[in-house]
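Have a look at structure10.cif; it's mmCIF, C-alpha atoms (C1' of nucleotides):
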data_structure
loop_
_atom_site.label_atom_id
_atom_site.label_comp_id
_atom_site.auth_asym_id
_atom_site.auth_seq_id
_atom_site.Cartn_x
_atom_site.Cartn_y
_atom_site.Cartn_z
CA MET A 171 0.00 0.00 0.00
CA SER A 172 1.56 3.21 -1.10
CA HIS A 173 -1.18 5.57 -0.01
CA ASN A 174 1.17 8.18 1.23
CA THR A 175 -1.28 10.78 2.42
CA ARG A 176 -2.52 8.68 5.29
CA ASN A 177 -1.32 5.67 7.17
CA TYR A 178 -4.19 3.34 6.49
CA ALA A 179 -2.77 0.28 8.20
CA LYS A 180 -2.27 2.20 11.40
CA MET A 181 -5.79 3.59 11.25
CA MET A 182 -7.16 0.08 11.11
CA ARG A 183 -5.00 -1.32 13.87
CA ASP A 184 -5.61 1.64 16.12
CA ARG A 185 -9.30 0.92 15.99
CA GLY A 186 -8.73 -2.72 16.83
CA PHE A 187 -9.09 -4.28 13.39
CA ARG A 188 -6.72 -6.51 11.53
CA VAL A 189 -4.77 -5.49 8.47
CA THR A 190 -5.19 -8.32 6.05
CA HIS A 191 -3.77 -9.03 2.65
CA GLN A 192 -7.28 -8.65 1.21
CA ARG A 193 -7.89 -5.27 2.78
CA ARG A 194 -4.63 -3.95 1.42
CA LEU A 195 -5.46 -5.14 -2.06
CA VAL A 196 -8.99 -3.75 -2.01
CA LEU A 197 -7.70 -0.40 -0.86
CA ASP A 198 -5.16 -0.44 -3.69
CA ALA A 199 -7.78 -1.40 -6.22
CA VAL A 200 -10.14 1.37 -5.13
CA CYS A 201 -7.27 3.80 -5.24
CA GLU A 202 -6.23 2.88 -8.76
CA GLY A 203 -9.77 3.45 -9.87
CA GLY A 204 -9.19 7.18 -9.60
CA ALA A 205 -12.46 9.03 -9.48
CA HIS A 206 -15.36 6.63 -9.11
CA THR A 207 -15.24 2.90 -9.58
CA THR A 208 -17.96 0.34 -9.34
CA VAL A 209 -17.79 -2.98 -7.56
CA ASP A 210 -17.23 -4.97 -10.75
CA GLU A 211 -14.42 -2.71 -11.87
CA ILE A 212 -12.74 -3.07 -8.52
CA TYR A 213 -13.29 -6.80 -8.58
CA ALA A 214 -11.74 -7.10 -12.03
CA ARG A 215 -8.63 -5.22 -10.93
CA LEU A 216 -8.45 -7.40 -7.85
CA GLN A 217 -8.63 -10.60 -9.85
CA GLN A 218 -5.48 -9.68 -11.71
CA LYS A 219 -3.48 -9.37 -8.54
CA ASP A 220 -4.96 -12.24 -6.60
CA PRO A 221 -7.72 -14.33 -8.16
CA SER A 222 -8.38 -16.06 -4.86
CA ILE A 223 -10.17 -13.08 -3.33
CA SER A 224 -13.88 -13.70 -3.24
CA LEU A 225 -16.64 -11.35 -4.21
CA SER A 226 -18.18 -11.56 -0.77
CA THR A 227 -14.93 -10.46 0.77
CA LEU A 228 -14.90 -7.52 -1.58
CA TYR A 229 -18.39 -6.48 -0.50
CA ARG A 230 -17.56 -6.96 3.16
CA THR A 231 -14.33 -5.05 2.80
CA LEU A 232 -15.90 -2.12 0.97
CA ASP A 233 -18.47 -1.93 3.69
CA PHE A 234 -15.74 -2.09 6.32
CA LEU A 235 -13.62 0.59 4.67
CA THR A 236 -16.65 2.82 4.26
CA ARG A 237 -17.49 2.57 7.96
CA LEU A 238 -13.94 3.56 8.79
CA HIS A 239 -14.25 6.46 6.34
CA LEU A 240 -11.23 5.26 4.41
CA VAL A 241 -13.29 5.07 1.25
CA VAL A 242 -16.46 6.91 0.38
CA GLU A 243 -19.53 5.57 -1.29
CA ALA A 244 -21.50 7.56 -3.83
CA ARG A 245 -24.69 6.92 -5.67
CA THR A 246 -24.79 7.80 -9.36
CA PRO A 247 -28.04 9.21 -10.78
CA ASP A 248 -28.76 5.91 -12.51
CA GLY A 249 -28.65 3.99 -9.28
CA LYS A 250 -25.21 2.45 -9.24
CA THR A 251 -23.00 2.46 -6.21
CA SER A 252 -19.44 3.60 -6.65
CA TYR A 253 -16.47 3.99 -4.41
CA GLU A 254 -13.39 6.09 -4.14
CA ILE A 255 -10.57 6.69 -1.69
CA ALA A 256 -11.59 9.22 0.91
CA SER A 257 -9.53 12.25 0.19
CA LEU A 258 -8.86 15.01 2.62
CA GLN A 259 -10.82 17.55 0.65
CA PRO A 260 -14.53 16.97 0.14
CA HIS A 261 -15.54 17.27 -3.48
CA HIS A 262 -18.26 16.37 -5.94
CA HIS A 263 -18.51 14.94 -9.42
CA LEU A 264 -20.06 15.78 -12.75
CA VAL A 265 -20.91 12.96 -15.12
CA CYS A 266 -21.72 13.73 -18.72
CA ARG A 267 -24.85 11.93 -19.81
CA THR A 268 -23.68 11.82 -23.40
CA CYS A 269 -20.02 10.84 -23.37
CA GLY A 270 -19.93 9.43 -19.85
CA ARG A 271 -16.84 11.40 -18.92
CA GLU A 272 -16.51 12.34 -15.30
CA GLU A 273 -14.92 15.35 -13.72
CA GLN A 274 -14.26 16.35 -10.17
CA ILE A 275 -15.23 19.71 -8.80
CA GLY A 276 -14.34 21.42 -5.56
CA PRO A 277 -16.74 21.94 -2.68
CA GLU A 278 -17.21 25.70 -3.06
CA GLU A 279 -20.25 25.93 -5.30
CA VAL A 280 -22.07 23.16 -3.48
CA GLN A 281 -21.22 24.64 -0.10
CA HIS A 282 -22.77 27.82 -1.28
CA LEU A 283 -25.93 25.96 -2.26
CA TYR A 284 -26.10 24.35 1.16
CA ALA A 285 -25.72 27.70 2.88
CA GLU A 286 -28.51 29.13 0.77
CA ILE A 287 -30.81 26.24 1.55
CA GLU A 288 -30.04 26.62 5.22
CA ARG A 289 -30.80 30.32 5.08
CA VAL A 290 -34.08 29.87 3.26
CA TYR A 291 -35.41 26.60 4.69
CA GLY A 292 -33.54 26.10 7.97
CA PHE A 293 -32.45 22.69 6.66
CA LEU A 294 -28.73 22.00 6.49
CA PRO A 295 -27.78 19.47 3.79
CA ASP A 296 -24.58 17.53 4.43
CA GLU A 297 -24.27 15.31 1.38
CA ASP A 298 -20.51 15.31 0.97
CA HIS A 299 -20.25 13.60 -2.35
CA LEU A 300 -22.79 14.62 -4.94
CA VAL A 301 -22.82 13.14 -8.40
CA LEU A 302 -24.60 15.38 -10.89
CA SER A 303 -25.29 14.45 -14.43
CA GLY A 304 -25.61 16.85 -17.31
CA LEU A 305 -23.74 17.83 -20.42
CA CYS A 306 -20.03 18.50 -20.51
CA ARG A 307 -18.47 21.38 -22.40
CA SER A 308 -17.50 19.40 -25.46
CA CYS A 309 -20.79 17.58 -25.83
CA ARG A 310 -22.62 20.87 -25.55
CA ALA A 311 -20.41 22.33 -28.26
CA ARG A 312 -21.07 19.32 -30.45
CA GLN A 313 -24.82 19.65 -29.89
CA ALA A 314 -24.81 23.34 -30.75
CA ALA A 315 -23.06 22.62 -34.05
CA MET B 129 -58.35 9.34 -11.61
CA SER B 130 -58.90 12.74 -10.17
CA HIS B 131 -55.62 14.31 -11.16
CA ASN B 132 -57.13 17.59 -12.05
CA THR B 133 -54.04 19.48 -13.15
CA ARG B 134 -53.55 17.36 -16.22
CA ASN B 135 -55.62 15.02 -18.25
CA TYR B 136 -53.56 11.91 -17.90
CA ALA B 137 -55.84 9.58 -19.81
CA LYS B 138 -55.81 11.85 -22.79
CA MET B 139 -52.04 12.14 -22.68
CA MET B 140 -51.76 8.38 -22.92
CA ARG B 141 -54.29 7.95 -25.70
CA ASP B 142 -52.86 10.80 -27.70
CA ARG B 143 -49.56 9.03 -27.82
CA GLY B 144 -51.19 5.82 -28.93
CA PHE B 145 -51.24 3.90 -25.67
CA ARG B 146 -54.12 2.27 -23.88
CA VAL B 147 -55.63 3.51 -20.68
CA THR B 148 -56.02 0.45 -18.52
CA HIS B 149 -57.51 -0.13 -15.12
CA GLN B 150 -54.01 -0.92 -13.80
CA ARG B 151 -52.47 2.27 -15.14
CA ARG B 152 -55.17 4.35 -13.51
CA LEU B 153 -54.65 2.66 -10.17
CA VAL B 154 -50.87 2.96 -10.27
CA LEU B 155 -51.15 6.64 -11.10
CA ASP B 156 -53.52 7.08 -8.15
CA ALA B 157 -51.25 5.16 -5.83
CA VAL B 158 -48.22 7.22 -6.80
CA CYS B 159 -50.26 10.36 -6.38
CA GLU B 160 -51.45 9.46 -2.90
CA GLY B 161 -47.86 8.88 -1.91
CA GLY B 162 -47.38 12.61 -1.86
CA ALA B 163 -43.72 13.49 -1.97
CA HIS B 164 -41.63 10.39 -2.69
CA THR B 165 -42.82 6.81 -2.49
CA THR B 166 -40.94 3.62 -3.06
CA VAL B 167 -42.11 0.65 -5.09
CA ASP B 168 -43.15 -1.35 -2.03
CA GLU B 169 -45.18 1.50 -0.61
CA ILE B 170 -46.94 1.94 -3.91
CA TYR B 171 -47.52 -1.78 -4.18
CA ALA B 172 -49.01 -1.94 -0.70
CA ARG B 173 -51.45 0.85 -1.50
CA LEU B 174 -52.32 -0.88 -4.74
CA GLN B 175 -53.04 -4.18 -3.02
CA GLN B 176 -55.75 -2.57 -0.95
CA LYS B 177 -57.64 -1.41 -3.99
CA ASP B 178 -57.11 -4.37 -6.23
CA PRO B 179 -55.05 -7.32 -4.99
CA SER B 180 -54.99 -8.84 -8.43
CA ILE B 181 -52.44 -6.38 -9.79
CA SER B 182 -49.08 -8.06 -10.10
CA LEU B 183 -45.75 -6.68 -9.05
CA SER B 184 -44.42 -7.02 -12.56
CA THR B 185 -47.22 -4.88 -13.87
CA LEU B 186 -46.32 -2.30 -11.28
CA TYR B 187 -42.71 -2.23 -12.43
CA ARG B 188 -43.74 -2.11 -16.07
CA THR B 189 -46.24 0.61 -15.40
CA LEU B 190 -43.85 2.78 -13.41
CA ASP B 191 -41.41 2.46 -16.23
CA PHE B 192 -44.10 3.35 -18.73
CA LEU B 193 -45.30 6.36 -16.78
CA THR B 194 -41.75 7.55 -16.32
CA ARG B 195 -41.09 7.42 -20.06
CA LEU B 196 -44.22 9.48 -20.65
CA HIS B 197 -43.02 11.91 -18.00
CA LEU B 198 -46.23 11.48 -16.03
CA VAL B 199 -44.24 10.41 -12.99
CA VAL B 200 -40.66 11.17 -12.14
CA GLU B 201 -38.09 8.86 -10.71
CA ALA B 202 -35.57 9.93 -8.09
CA ARG B 203 -32.70 8.21 -6.38
CA THR B 204 -32.38 8.69 -2.65
CA PRO B 205 -28.87 8.97 -1.18
CA ASP B 206 -29.14 5.47 0.27
CA GLY B 207 -29.76 3.94 -3.11
CA LYS B 208 -33.50 3.47 -3.24
CA THR B 209 -35.61 4.42 -6.20
CA SER B 210 -38.65 6.51 -5.52
CA TYR B 211 -41.42 7.96 -7.61
CA GLU B 212 -43.76 10.88 -7.58
CA ILE B 213 -46.31 12.48 -9.84
CA ALA B 214 -44.65 14.82 -12.30
CA SER B 215 -45.69 18.27 -11.29
CA LEU B 216 -45.55 21.27 -13.51
CA GLN B 217 -42.84 22.95 -11.50
CA PRO B 218 -39.47 21.25 -11.20
CA HIS B 219 -38.38 20.94 -7.59
CA HIS B 220 -36.05 19.09 -5.27
CA HIS B 221 -36.25 17.39 -1.91
CA LEU B 222 -34.55 17.50 1.45
CA VAL B 223 -34.61 14.38 3.60
CA CYS B 224 -33.63 14.62 7.24
CA ARG B 225 -31.20 11.87 8.14
CA THR B 226 -32.39 11.88 11.73
CA CYS B 227 -36.16 12.03 11.68
CA GLY B 228 -36.67 10.98 8.08
CA ARG B 229 -39.01 13.83 7.35
CA GLU B 230 -38.98 15.08 3.80
CA GLU B 231 -39.60 18.55 2.47
CA GLN B 232 -39.89 19.96 -1.00
CA ILE B 233 -37.94 22.97 -2.15
CA GLY B 234 -38.25 25.09 -5.24
CA PRO B 235 -35.80 25.07 -8.12
CA GLU B 236 -34.21 28.48 -7.49
CA GLU B 237 -31.24 27.62 -5.29
CA VAL B 238 -30.34 24.56 -7.31
CA GLN B 239 -30.68 26.47 -10.57
CA HIS B 240 -28.23 28.96 -9.21
CA LEU B 241 -25.81 26.15 -8.38
CA TYR B 242 -26.09 24.81 -11.91
CA ALA B 243 -25.43 28.23 -13.37
CA GLU B 244 -22.35 28.62 -11.19
CA ILE B 245 -21.02 25.22 -12.20
CA GLU B 246 -21.58 26.07 -15.82
CA ARG B 247 -19.74 29.35 -15.44
CA VAL B 248 -16.77 27.81 -13.67
CA TYR B 249 -16.47 24.40 -15.35
CA GLY B 250 -18.36 24.71 -18.62
CA PHE B 251 -20.45 21.71 -17.56
CA LEU B 252 -24.22 22.15 -17.41
CA PRO B 253 -25.92 19.86 -14.89
CA ASP B 254 -29.54 19.00 -15.61
CA GLU B 255 -30.54 16.80 -12.72
CA ASP B 256 -34.12 17.90 -12.28
CA HIS B 257 -34.95 16.14 -9.07
CA LEU B 258 -32.23 16.15 -6.46
CA VAL B 259 -32.69 14.47 -3.12
CA LEU B 260 -30.32 15.88 -0.51
CA SER B 261 -29.97 14.52 2.97
CA GLY B 262 -28.98 16.52 6.00
CA LEU B 263 -30.51 17.79 9.19
CA CYS B 264 -33.85 19.54 9.38
CA ARG B 265 -34.48 22.60 11.48
CA SER B 266 -36.03 20.79 14.43
CA CYS B 267 -33.42 18.04 14.60
CA ARG B 268 -30.69 20.67 14.53
CA ALA B 269 -32.39 22.52 17.37
CA ARG B 270 -32.67 19.31 19.34
CA GLN B 271 -28.99 18.55 18.75
CA ALA B 272 -27.92 21.97 19.86
CA ALA B 273 -29.84 21.58 23.10
"C1'" DT C 184 -3.21 -19.26 21.10
"C1'" DT C 185 -7.33 -16.67 20.18
"C1'" DT C 186 -10.73 -14.62 17.65
"C1'" DA C 187 -11.26 -11.58 13.55
"C1'" DT C 188 -11.51 -12.46 8.93
"C1'" DT C 189 -11.97 -15.26 4.85
"C1'" DG C 190 -13.90 -18.44 0.96
"C1'" DC C 191 -17.53 -21.01 -0.45
"C1'" DA C 192 -22.15 -21.96 -1.43
"C1'" DA C 193 -26.62 -20.97 -0.54
"C1'" DA C 194 -29.99 -17.51 0.46
"C1'" DT C 195 -32.23 -13.09 -0.24
"C1'" DC C 196 -33.77 -9.02 -2.41
"C1'" DC C 197 -35.13 -6.36 -6.17
"C1'" DT C 198 -36.18 -6.16 -10.88
"C1'" DT C 199 -36.86 -8.07 -15.56
"C1'" DT C 200 -38.59 -11.32 -19.02
"C1'" DG C 201 -41.16 -15.07 -21.88
"C1'" DC C 202 -45.35 -16.51 -22.83
"C1'" DA C 203 -50.15 -17.54 -23.09
"C1'" DG C 204 -54.39 -15.36 -21.92
"C1'" DT C 205 -57.07 -10.89 -21.60
"C1'" DT C 206 -58.90 -6.43 -22.77
"C1'" DA C 207 -58.99 -1.58 -24.60
"C1'" DC C 208 -59.82 0.40 -28.77
"C1'" DG D 118 -60.94 -8.36 -34.41
"C1'" DT D 119 -56.25 -7.31 -33.19
"C1'" DA D 120 -52.47 -5.49 -30.92
"C1'" DA D 121 -51.30 -3.68 -26.60
"C1'" DC D 122 -51.33 -5.08 -22.03
"C1'" DT D 123 -51.52 -8.20 -18.10
"C1'" DG D 124 -50.56 -12.15 -14.70
"C1'" DC D 125 -47.82 -15.83 -13.64
"C1'" DA D 126 -43.79 -18.15 -12.93
"C1'" DA D 127 -39.26 -18.39 -13.86
"C1'" DA D 128 -34.83 -15.98 -14.71
"C1'" DG D 129 -31.42 -12.43 -13.61
"C1'" DG D 130 -28.34 -9.55 -11.24
"C1'" DA D 131 -26.58 -7.57 -7.14
"C1'" DT D 132 -25.68 -8.10 -2.43
"C1'" DT D 133 -25.81 -10.69 2.07
"C1'" DT D 134 -25.24 -14.51 5.22
"C1'" DG D 135 -24.01 -19.11 7.73
"C1'" DC D 136 -20.39 -21.82 8.57
"C1'" DA D 137 -16.09 -24.20 8.77
"C1'" DA D 138 -11.32 -23.15 7.70
"C1'" DT D 139 -7.52 -19.72 7.91
"C1'" DA D 140 -4.39 -16.31 9.53
"C1'" DA D 141 -3.26 -11.74 12.03
"C1'" DA D 142 -2.26 -10.40 16.59
#
Go ahead and render the structure in this file as structure tokens.
Amino acid sequence: MSHNTRNYAKMMRDRGFRVTHQRRLVLDAVCEGGAHTTVDEIYARLQQKDPSISLSTLYRTLDFLTRLHLVVEARTPDGKTSYEIASLQPHHHLVCRTCGREEQIGPEEVQHLYAEIERVYGFLPDEDHLVLSGLCRSCRARQAA
Amino acid sequence: MSHNTRNYAKMMRDRGFRVTHQRRLVLDAVCEGGAHTTVDEIYARLQQKDPSISLSTLYRTLDFLTRLHLVVEARTPDGKTSYEIASLQPHHHLVCRTCGREEQIGPEEVQHLYAEIERVYGFLPDEDHLVLSGLCRSCRARQAA
DNA sequence: TTTATTGCAAATCCTTTGCAGTTAC
DNA sequence: GTAACTGCAAAGGATTTGCAATAAA
């Protein structure tokens, strides 16, 4: 595990859990996924490194890592669950509904939305990982043409 | 069907589809759900009026009504699919993660977010039915106490 | 050694599909 | 009458679970 920003193994042990071969590999596989990866993508990557890891272990491990806040879970607009390494900065994602490309955006705009909603409705949203679909710059340009 | 704002039956016939007993009942059941209802809730309501309607018909009908834009589908943050009658005004929902209460909000704040994202990233989101979780006013007050 | 964690296979949950019978038009 | 639509039962896909074996501490 070369996740240099945090010492993941220590975080697990400190909370009384064991650092297993499988957990290391799952963490790696989620990490290599970059932005958002689905369970099957993670599983495929895992199979290449160690085909003996079972799907149920993957599910259990993703659940485990999510509880520890080492990875975060997000729900795409079409109902799929995806995962990514929990980074230090909260952020959100845009997914183009035409080309499927995904980009990350910072928290500023969304924070501003939350503040507005709080001001107007008294409700404070805390969704820390939105996935919004729409049209990306290039697909919009193509459509306009 | 007493959906007075629109003539649903006509909308179906005009597009060449049949207006069946089942479609009327599903539309009613979604309607009575108010804000967001899940498939099982809708099914339960349906059973009381006509136990002979099958679950597969419910799924098919929800799909059908969604395509016709008579109902809209939304994805809650915890991965469930929910439905509601398509209203004339686009809007979004806030769901309290403590008490579960749900409230509707207008499109203004979210529109503003979309415009900001477009300005900064060139990406135009078009999610027309966001469901955001967070803490409602009363649960926040209770927490503060 | 001890008990958390794993792999396997079976179970569960939610949704979709094939097909023969029914019904809106 | 004739397609579109439905109910049923079976299939599918994703995720969870029970249990005996394994391995991290």
Applying the PyMOL selection byres ((chain B and resi 224) around 7) to the file I just gave you, which residues come out? Please list them as a compact mmCIF listing (two decimals) with C-alpha atoms, keeping the file's coordinate frame.
# COMPACT_ATOMS: atom_id res chain seq x y z
CA LEU B 222 -34.55 17.50 1.45
CA VAL B 223 -34.61 14.38 3.60
CA ARG B 225 -31.20 11.87 8.14
CA THR B 226 -32.39 11.88 11.73
CA CYS B 227 -36.16 12.03 11.68
CA GLY B 228 -36.67 10.98 8.08
CA ARG B 229 -39.01 13.83 7.35
CA GLU B 230 -38.98 15.08 3.80
CA SER B 261 -29.97 14.52 2.97
CA GLY B 262 -28.98 16.52 6.00
CA LEU B 263 -30.51 17.79 9.19
CA CYS B 264 -33.85 19.54 9.38
> Neighbours of range 126-130 of chain D within 9 Å (only C-alpha atoms (C1' of nucleotides); same-chain residues fewer than 5 positions away dropped), as a list in words?
Replying inline: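 My list of contacting residues is DT198, DT199, DT200 and DG201 of chain C.
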Can you list every residue of chain B that has an atom at most 8 Å from chain C, with its nearest atom pair and the distance in Å to one decimal, using all atoms listed in the file, ordered by chain then number, as a Markdown table?
| residue | atom | partner | partner_atom | distance |
| --- | --- | --- | --- | --- |
| B:Arg146 | CA | C:DA207 | C1' | 6.2 |
| B:Val147 | CA | C:DA207 | C1' | 7.3 |
| B:Thr148 | CA | C:DA207 | C1' | 7.1 |
| B:Tyr187 | CA | C:DT198 | C1' | 7.8 |
Create the file for the chosen residues now, containing C-alpha atoms and written as a tab-separated table (two decimals), in the coordinates of the input.
chain	number	residue	atom	x	y	z
B	146	ARG	CA	-54.12	2.27	-23.88
B	147	VAL	CA	-55.63	3.51	-20.68
B	148	THR	CA	-56.02	0.45	-18.52
B	187	TYR	CA	-42.71	-2.23	-12.43
Could you produce a table of the residues of chain D lying within 10 Å of chain B, with the nearest pair of atoms per residue and their separation in Å rounded to one decimal, using all atoms listed in the file, ordered by chain and increasing residue number, as a tab-separated table?
residue	atom	partner	partner_atom	distance
D:DA121	C1'	B:Arg146	CA	7.1
D:DC122	C1'	B:Thr148	CA	8.1
D:DT123	C1'	B:Thr185	CA	6.9
D:DG124	C1'	B:Ser182	CA	6.3
D:DC125	C1'	B:Ser182	CA	8.6
> Closest to chain B among A:Gln217, A:Ser257, A:Thr231, A:Thr251, using all atoms listed in the file?
Replying inline: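 Among the listed residues, the smallest separation from chain B belongs to A:Thr251.
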Interface rows for chain B against chain A: nearest pair, Å to one decimal, 7 Å, all atoms listed in the file, as JSON lines:
{"residue": "B:Arg203", "atom": "CA", "partner": "A:Pro247", "partner_atom": "CA", "distance": 6.5}
{"residue": "B:Pro205", "atom": "CA", "partner": "A:Arg245", "partner_atom": "CA", "distance": 6.5}
{"residue": "B:Gly207", "atom": "CA", "partner": "A:Gly249", "partner_atom": "CA", "distance": 6.3}
{"residue": "B:Glu237", "atom": "CA", "partner": "A:Leu283", "partner_atom": "CA", "distance": 6.3}
{"residue": "B:Val238", "atom": "CA", "partner": "A:Leu283", "partner_atom": "CA", "distance": 6.8}
{"residue": "B:Leu241", "atom": "CA", "partner": "A:Leu283", "partner_atom": "CA", "distance": 6.1}
{"residue": "B:Glu244", "atom": "CA", "partner": "A:Glu279", "partner_atom": "CA", "distance": 6.8}
{"residue": "B:Ile245", "atom": "CA", "partner": "A:Glu279", "partner_atom": "CA", "distance": 7.0}
{"residue": "B:Gly250", "atom": "CA", "partner": "A:Arg307", "partner_atom": "CA", "distance": 5.0}
{"residue": "B:Phe251", "atom": "CA", "partner": "A:Cys306", "partner_atom": "CA", "distance": 4.4}
{"residue": "B:Leu252", "atom": "CA", "partner": "A:Leu305", "partner_atom": "CA", "distance": 5.3}
{"residue": "B:Pro253", "atom": "CA", "partner": "A:Gly304", "partner_atom": "CA", "distance": 3.9}
{"residue": "B:Asp254", "atom": "CA", "partner": "A:Gly304", "partner_atom": "CA", "distance": 4.8}
{"residue": "B:Glu255", "atom": "CA", "partner": "A:Ser303", "partner_atom": "CA", "distance": 6.0}
{"residue": "B:Leu260", "atom": "CA", "partner": "A:Pro295", "partner_atom": "CA", "distance": 6.2}
{"residue": "B:Ser261", "atom": "CA", "partner": "A:Pro295", "partner_atom": "CA", "distance": 5.5}
{"residue": "B:Gly262", "atom": "CA", "partner": "A:Pro295", "partner_atom": "CA", "distance": 3.9}
{"residue": "B:Leu263", "atom": "CA", "partner": "A:Leu294", "partner_atom": "CA", "distance": 5.3}
{"residue": "B:Cys264", "atom": "CA", "partner": "A:Phe293", "partner_atom": "CA", "distance": 4.4}
{"residue": "B:Arg265", "atom": "CA", "partner": "A:Gly292", "partner_atom": "CA", "distance": 5.0}
